[in-house]
>>> print(open('work35.txt').read())   # compact mmCIF, C-alpha atoms
# COMPACT_ATOMS: atom_id res chain seq x y z
CA MET R 99 0.00 0.00 0.00
CA ASP R 100 1.52 3.28 -1.04
CA LYS R 101 1.63 6.55 0.88
CA VAL R 102 -1.15 8.19 -1.15
CA GLU R 103 -3.54 5.28 -0.51
CA VAL R 104 -2.80 5.30 3.21
CA GLU R 105 -3.35 9.06 3.43
CA HIS R 106 -6.65 8.68 1.56
CA TYR R 107 -7.86 5.95 3.96
CA ILE R 108 -6.77 7.93 7.01
CA GLU R 109 -8.65 10.97 5.74
CA GLN R 110 -11.71 8.89 4.92
CA TYR R 111 -11.92 6.84 8.13
CA ALA R 112 -10.20 9.02 10.75
CA GLU R 113 -13.39 10.43 12.26
CA MET R 114 -15.04 7.02 12.55
CA ILE R 115 -11.98 5.39 14.13
CA TRP R 116 -11.60 8.34 16.52
CA ARG R 117 -15.23 7.97 17.69
CA ILE R 118 -14.87 4.23 18.16
CA SER R 119 -11.61 4.72 20.05
CA LEU R 120 -13.05 7.43 22.29
CA ILE R 121 -16.17 5.43 23.15
CA HIS R 122 -14.33 2.19 23.80
CA CYS R 123 -11.65 3.91 25.84
CA THR R 124 -14.51 5.44 27.88
CA GLY R 125 -13.42 8.98 27.18
CA ARG R 126 -9.73 8.68 27.99
CA LYS R 127 -8.28 10.93 25.32
CA GLU R 128 -4.69 9.66 25.64
CA ASP R 129 -5.77 6.02 25.33
CA ALA R 130 -8.06 6.85 22.40
CA GLU R 131 -5.17 8.60 20.66
CA ASP R 132 -2.98 5.52 21.17
CA VAL R 133 -5.68 3.24 19.76
CA PHE R 134 -6.23 5.59 16.82
CA GLN R 135 -2.52 5.63 15.98
CA GLU R 136 -2.10 1.88 16.44
CA THR R 137 -5.05 1.22 14.15
CA PHE R 138 -3.62 3.22 11.27
CA LEU R 139 -0.12 1.94 11.96
CA ALA R 140 -1.52 -1.58 11.55
CA LEU R 141 -2.93 -0.47 8.19
CA VAL R 142 0.48 0.83 7.09
CA LYS R 143 2.18 -2.40 8.19
CA SER R 144 -0.51 -4.59 6.70
CA HIS R 145 0.17 -6.38 3.47
CA ARG R 146 -3.46 -7.43 3.10
CA ALA R 147 -5.41 -7.09 -0.08
CA PHE R 148 -8.82 -5.67 0.67
CA HIS R 149 -11.64 -6.86 -1.55
CA SER R 150 -13.66 -3.66 -1.22
CA GLU R 151 -14.07 -0.44 0.76
CA GLU R 152 -16.50 -2.28 3.07
CA HIS R 153 -13.87 -4.93 3.76
CA LEU R 154 -11.29 -2.26 4.62
CA LYS R 155 -13.78 -0.40 6.83
CA ALA R 156 -14.71 -3.59 8.71
CA TRP R 157 -11.03 -4.45 9.12
CA LEU R 158 -10.22 -1.00 10.56
CA ILE R 159 -13.14 -1.21 13.01
CA ARG R 160 -12.04 -4.68 14.11
CA VAL R 161 -8.43 -3.53 14.60
CA ALA R 162 -9.55 -0.48 16.61
CA MET R 163 -11.74 -2.62 18.87
CA ASN R 164 -8.97 -5.16 19.34
CA GLN R 165 -6.54 -2.37 20.23
CA CYS R 166 -9.02 -1.15 22.86
CA LYS R 167 -9.36 -4.67 24.26
CA LYS R 168 -5.59 -5.04 24.38
CA LYS R 169 -5.29 -1.76 26.25
CA TYR R 170 -7.88 -2.82 28.85
CA ARG R 171 -7.34 -6.51 29.46
CA SER R 172 -8.11 -6.09 33.15
CA ASN R 173 -11.40 -4.77 34.51
CA ALA R 174 -9.56 -1.77 35.94
CA GLY R 175 -9.51 -0.18 32.48
CA TYR R 176 -13.28 0.01 32.27
CA GLN R 177 -13.97 2.68 34.84
CA LEU R 178 -16.59 5.06 33.54
CA VAL R 179 -16.04 8.76 33.03
CA GLU R 180 -18.48 11.22 34.57
CA PRO R 181 -20.86 12.71 31.96
CA GLU R 182 -19.65 16.27 32.62
CA LYS R 183 -16.03 15.29 32.01
CA MET R 184 -17.03 13.47 28.81
CA GLU R 185 -18.87 16.55 27.50
CA MET R 186 -15.84 18.75 28.23
CA LEU R 187 -13.58 16.23 26.51
CA LEU R 188 -15.75 16.12 23.42
CA GLU R 189 -15.93 19.91 23.21
CA SER R 190 -12.19 20.31 23.68
CA THR R 191 -11.28 17.69 21.07
CA GLY R 192 -13.82 18.81 18.52
CA GLY R 193 -15.53 15.42 18.76
CA GLU R 194 -18.60 15.69 16.60
CA LEU R 195 -20.59 12.95 18.26
CA GLU R 196 -24.33 13.28 18.20
CA THR R 197 -24.67 13.85 21.92
CA GLY R 198 -27.51 16.33 21.81
CA GLN R 199 -29.16 17.47 25.00
CA ASP R 200 -30.63 14.04 25.64
CA GLY R 201 -27.44 12.59 27.15
CA SER R 202 -27.41 9.69 24.69
CA PHE R 203 -23.62 9.52 24.50
CA GLU R 204 -23.24 9.24 28.27
CA LEU R 205 -25.91 6.56 28.41
CA LEU R 206 -24.21 4.65 25.61
CA CYS R 207 -20.86 4.81 27.41
CA GLY R 208 -22.58 3.48 30.53
CA LEU R 209 -23.65 0.22 28.87
CA ALA R 210 -21.74 -3.02 29.29
CA ASP R 211 -19.03 -3.46 26.67
CA LYS R 212 -20.80 -6.05 24.51
CA TYR R 213 -23.94 -3.92 24.26
CA ARG R 214 -22.06 -0.64 23.86
CA ARG R 215 -20.12 -1.98 20.86
CA VAL R 216 -23.20 -3.14 19.01
CA MET R 217 -25.22 -0.02 19.84
CA GLU R 218 -22.35 2.29 18.83
CA LEU R 219 -21.81 0.55 15.50
CA PHE R 220 -25.53 0.40 14.73
CA TYR R 221 -26.68 3.84 15.87
CA VAL R 222 -23.61 6.07 15.73
CA GLU R 223 -21.78 4.56 12.74
CA GLU R 224 -25.03 3.38 11.09
CA ILE R 225 -23.63 0.00 10.10
CA PRO R 226 -26.24 -2.68 9.27
CA SER R 227 -26.61 -5.59 11.69
CA ARG R 228 -25.32 -8.07 9.10
CA GLU R 229 -22.02 -6.16 8.80
CA ILE R 230 -21.79 -5.76 12.59
CA ALA R 231 -22.07 -9.54 12.91
CA GLN R 232 -19.15 -9.97 10.52
CA ILE R 233 -17.05 -7.30 12.23
CA LEU R 234 -17.61 -8.68 15.74
CA ARG R 235 -17.57 -12.29 14.57
CA ILE R 236 -20.90 -13.12 16.15
CA SER R 237 -24.17 -14.25 14.61
CA GLU R 238 -26.62 -11.73 13.21
CA SER R 239 -29.23 -12.94 15.72
CA ALA R 240 -26.76 -12.18 18.54
CA VAL R 241 -26.38 -8.65 17.16
CA ARG R 242 -30.16 -8.18 17.10
CA LYS R 243 -30.49 -9.59 20.62
CA ARG R 244 -27.77 -7.27 21.95
CA LEU R 245 -29.45 -4.32 20.24
CA GLN R 246 -32.75 -5.32 21.84
CA ARG R 247 -31.19 -5.69 25.29
CA GLY R 248 -29.21 -2.46 24.89
CA ARG R 249 -32.36 -0.57 23.93
CA GLU R 250 -34.14 -2.07 26.93
CA MET R 251 -31.32 -0.93 29.23
CA LEU R 252 -31.53 2.56 27.76
CA ARG R 253 -35.34 2.59 28.13
CA GLN R 254 -34.92 1.75 31.82
CA LYS R 255 -32.73 4.84 32.06
CA GLY R 256 -35.39 6.92 30.32
CA PHE R 257 -33.96 7.09 26.81
CA GLU R 258 -35.27 5.55 23.60
CA TYR R 259 -33.64 5.11 20.19
CA GLY R 260 -35.86 5.29 17.14
CA ARG R 261 -34.08 3.01 14.65
CA GLU R 262 -34.91 -0.70 14.90
CA SER R 263 -32.63 -3.54 13.79
>>> encode(input="work35.txt", output="structure tokens")
Amino acid sequence: MDKVEVEHYIEQYAEMIWRISLIHCTGRKEDAEDVFQETFLALVKSHRAFHSEEHLKAWLIRVAMNQCKKKYRSNAGYQLVEPEKMEMLLESTGGELETGQDGSFELLCGLADKYRRVMELFYVEEIPSREIAQILRISESAVRKRLQRGREMLRQKGFEYGRES
């Protein structure tokens, strides 16, 4: 992969990988930056042939999530950030997440990891459940079930998403 291709992919997918990194690092900017850099470094080092843009996108998402997992192997890494601190972080970094006044981002960050991943990919990144299943290497029915349970958890907290799986 040449330098021009890499720069194109970084420009095209940087915002998405940053959001994924920030959410899965529960707002820790330094950790999210590390994950972001490691993800694109893996792309530069990779000698893979990607079949399509969708294949590349799925690969980048998978690498970013694996980098987050690697960073937080122990439960100590999953301490939640207070909503006020997360809002300040997003404003200071120019994070263009759809937080709105409804607190949806904070609620999403408060979900268990397996639900947060599926909900973030489905609602924030707007990836179809079939592609999420391939990215996370789980069945499509597991994706739909996690979406259902995640929505139920959010409903219990007083929030409701409109898009169904």
>>> residues_around(input="work35.txt", residues="segment 125-134 of chain R", least_positions_apart="3", cutoff="7 Å", atoms="only C-alpha atoms", output="PyMOL selection string")
chain R and resi 115-116+119-121+137-138+162+165-166+179+184
>>> axis_aligned_box(input="work35.txt", around="segment 229-242 of chain R", padding_each_side="8 Å", output="lines of an AutoDock Vina configuration file")
center_x = -23.6
center_y = -10.0
center_z = 13.7
size_x = 29.1
size_y = 24.5
size_z = 25.7
>>> closest_residue(input="work35.txt", among="R:Cys123, R:Met163, R:Leu234, R:Leu139", to="Gly208 of chain R", atoms="only C-alpha atoms")
R:Cys123
>>> atom_distance(input="work35.txt", atom1="atom CA of Asp100 of chain R", atom2="atom CA of Lys169 of chain R")
28.6 Å
>>> closest_residue(input="work35.txt", among="R:Glu218, R:Glu224, R:Glu229, R:Glu250", to="Ile118 of chain R", atoms="only C-alpha atoms")
R:Glu218
>>> closest_residue(input="work35.txt", among="R:Glu152, R:Pro226, R:Ser239, R:Tyr213", to="Tyr111 of chain R", atoms="only C-alpha atoms")
R:Glu152
>>> closest_residue(input="work35.txt", among="R:Arg228, R:Gln135, R:Ile233, R:Cys207", to="Leu154 of chain R", atoms="all atoms listed in the file")
R:Ile233
>>> closest_residue(input="work35.txt", among="R:Val241, R:Ile159, R:Ile108, R:Met99", to="Ala147 of chain R", atoms="all atoms listed in the file")
R:Met99
>>> closest_residue(input="work35.txt", among="R:Gln246, R:Gln254, R:Ser237, R:Gln110", to="Arg214 of chain R", atoms="all atoms listed in the file")
R:Gln246
>>> atom_distance(input="work35.txt", atom1="atom CA of Arg117 of chain R", atom2="atom CA of Val222 of chain R")
8.8 Å
>>> residues_around(input="work35.txt", residues="Arg146 of chain R", least_positions_apart="5", cutoff="12 Å", atoms="only C-alpha atoms", output="list in words")
Met99, Ala140, Leu141, His153, Leu154, Trp157 and Leu158 of chain R
>>> atom_distance(input="work35.txt", atom1="atom CA of Glu238 of chain R", atom2="atom CA of Leu252 of chain R")
21.0 Å
